[in-house]
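Enquirer: Structure below; questions to follow.
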Amino acid sequence: MAKPSPQLRRRRRAGLPGDPFGGPRWWVLSGPLLVVLALPLAALLLRTDPGAALESLRRPVVYQAITLSLWTSLAATGATVLFGLPLAFLMARRRFPLHRAVDTLIELPVVLPPAVAGVALLMAFGRRGLLGEPLAALGVQLPFTPVAVILAQMFVAAPLFIRSAMVGLAGVPAELEEAARIDGASTGQVLRHVTLPLARNGLIGGAVMTWARALGEFGATIIFAGNLPGRTQTMPLAIYLGFELDLQVALTLSVLLMGASFLTLILVKYVLLR
Amino acid sequence: MLRSVLTALLSSLLLGLAAGTIGGCGVDAGSTPAPRSVTLTVFAAASLAEAFEAVAEAYEAAHPGVTVQLHLAGSQQLAQQLRLGAPADVLATAGLPPMQAAVEAGRVDPGAPRACARNRLVAVAPAGNPVRLDRLADLARPGLRLVLADAVVPAGAYTQAFLEKASAHSVPPGLGVDFGDRVRANVVSYEQNVRAVLTKVRLGEADAGIVYASDVVAAPDLVRLTIPEALNVEAVYAIAPLADSPRPAEAQAFVAFVCSPEGRRLLARHGLLPPPAS
């Protein structure tokens, strides 16, 4: 697409007559979607009674879900950074056969329904899954454990970090790394003092988005990890079951997750990537 | 140019909306002159899946022009959806509390619900019985990976009631006062509906689970551990037309069909017991 001329851009900002994107009609046409996006969030806040919400925070089912969600999502983010960074380097810096195939593979979980991810994880790591017997021989059973929760979160959330890290790493000028190397820096020193600091925004932004997505994971978790309070029942699962039994639990946890998502986006968009 | 594109877009959008609304009301806009076509939305407990699919098929065959749209979920979830205004014509729940919730929400008339079937619980193990369960008491064996329905759904509530009953006596048919606690210690997951319990057992992910006797009809490969009558809990299914159904006559007719001898025969074929004699 050609860039609009400076003249046209000026007109656009001002919304002058003659500009097809001027006037109120675009606001009118955008209205329905804006309402659909904003209204449920506003309704959620309006329906929540802060006193009752604080009260329900003291209930075991609520605080256990919060604790479990926090530590599993942080573990999933940590593991994603640990293993995702080398992968992002590989993808950003090297060209190899099947590069496109791997690139698609990394992106797939973003569009895959999480329920599919849950079934696929069960088929791979379940007791009678592909790796079920070798894992059982090692005394490892993944389904119905917090490790399964973490795996489910990684599966759906890791692509966000990897994509973001790839963009960050690709944006580091090769000449700077080259210059550091000529000055006698080792590979580790180049990484530590040149590459990683320059890719900082992409890395941190990606990690925060991965954490937020892991925190919200539901479909893959309930299928692969099951639902046991204190062990595999994360906040989204407690919302789902609480919705049927006790709306207050669902409302409290929903508002907390909404707040977390909101802060995450603010942090990424306006603090880290400013 | 722009105007014509916009007009085209808007009119197609409006047409789509109109078609959607009409479809949602169950009247097919482009229908043939043949009989009036009606879509009945039936909210039914997950454990009624196969039985109601058979009933719906028979009903459609007997009533040309009627399409039965089954919405299957945990009974508690159905009640909650109705409480929040989901449109439906018929509700069939496992157990009376979810039906009572729909009555309290004003969606079902107090006198309308009828008992249409009964069900019992059974313990199941995966095909081949890999961990060799041969008595009900084995459910309390330490280290067993047991999956139960969550207590928010009727099957889960009945399961807890069974555990209470079995723990009430230390002599048979009781299974010991600590039976319930030992069984609960083995639970690795409380699933959101009884069919999810069945799936996890069939996949061999769980060593055992507790489901409805009717669930096992569709899964003949599973190993069953019968729960004796003295300990079992009877689940009664209730059915009622929705008070605010826009098709009250059709909704009523469907309920009558389910309770008719033919309806009962179809339910029995899928492992459901006849309703309690009143």
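So you can find residues: chains in the structure tokens are A, B, ... in the order shown, residues in each start at 1, and ligands are numbered from 1 in order.
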Pick out the residues sitting within 8 Å of Val255 in chain A, and hand them over as number ranges by chain; count only C-alpha atoms, and ignore anything fewer than 6 positions along from it in its own chain.
Expert: A: 44-45, 48
Enquirer: What are the residues of chain B lining chain A at 7 Å or less? Count only C-alpha atoms, and put the answer as a PyMOL selection string.
Expert: chain B and resi 76-77+80+152+188-191+204-205
Enquirer: Would you put the residues from that selection into a file with C-alpha atoms, as a CSV table (one decimal), in the first residue's frame?
Expert:
chain,number,residue,atom,x,y,z
B,76,GLN,CA,-27.1,-26.4,36.8
B,77,GLN,CA,-25.7,-24.6,33.8
B,80,GLN,CA,-28.3,-20.5,35.2
B,152,VAL,CA,-22.4,-28.1,41.1
B,188,VAL,CA,-7.7,-35.8,40.9
B,189,SER,CA,-10.4,-33.8,39.2
B,190,TYR,CA,-14.0,-32.6,39.6
B,191,GLU,CA,-15.3,-32.4,36.1
B,204,GLY,CA,-7.6,-44.1,30.6
B,205,GLU,CA,-6.5,-40.8,32.1
Enquirer: Could you pull out the residues in range 21-210 of chain B that DSSP calls strand (DSSP E) from the backbone, as JSON, numbers by chain?
Expert: {"B": [38, 39, 40, 41, 42, 43, 44, 45, 66, 67, 68, 69, 70, 71, 72, 73, 90, 91, 92, 93, 94, 114, 115, 116, 117, 118, 119, 121, 122, 123, 124, 125, 146, 147, 148, 149, 187, 188, 189, 190, 191, 208, 209, 210]}
Enquirer: One decimal, Å: what's the distance from CA of Arg36 in chain B over to CA of Gly65 in chain B, could you say?
Expert: 6.0 Å
Enquirer: Hey, what's within 10 Å of Val110 in chain A if we count only C-alpha atoms and toss same-chain stuff fewer than 6 positions away? As a list in words, please?
Expert: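 Listing them by chain and then by number gives Phe155, Val156, Ala157, Ala158, Pro159 and Leu160 of chain A.
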Enquirer: Do you have the CA of Arg247 in chain B-CA of Val42 in chain B distance handy?
Expert: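 Separation between CA of Arg247 in chain B and CA of Val42 in chain B: 12.0 Å.
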Enquirer: Residues within 6 Å of Ala65 in chain A, please, as a PyMOL selection string. Count only C-alpha atoms; anything in the same chain fewer than 3 positions from it doesn't count.
Expert: chain A and resi 62+68-69+233-235
Enquirer: May I have all residues of range 85-178 of chain A that DSSP, computed from the backbone, assigns to alpha helix (DSSP H), given as an NGL selection string?
Expert: :A and (85-93 or 99-111 or 114-125 or 132-137 or 146-170 or 174-178)
Enquirer: So which residues touch Leu133 in chain B within 10 Å, counting only C-alpha atoms, skipping near sequence neighbours fewer than 6 positions away, as a PyMOL selection string?
Expert: chain B and resi 124-125+139+141+144+207-208+223-225
Enquirer: Take CA of Pro126 in chain B and CA of Ala218 in chain B and report the distance between them in Å, one decimal.
Expert: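 Taking CA of Pro126 in chain B as the start and CA of Ala218 in chain B as the end point, the length is 13.7 Å.
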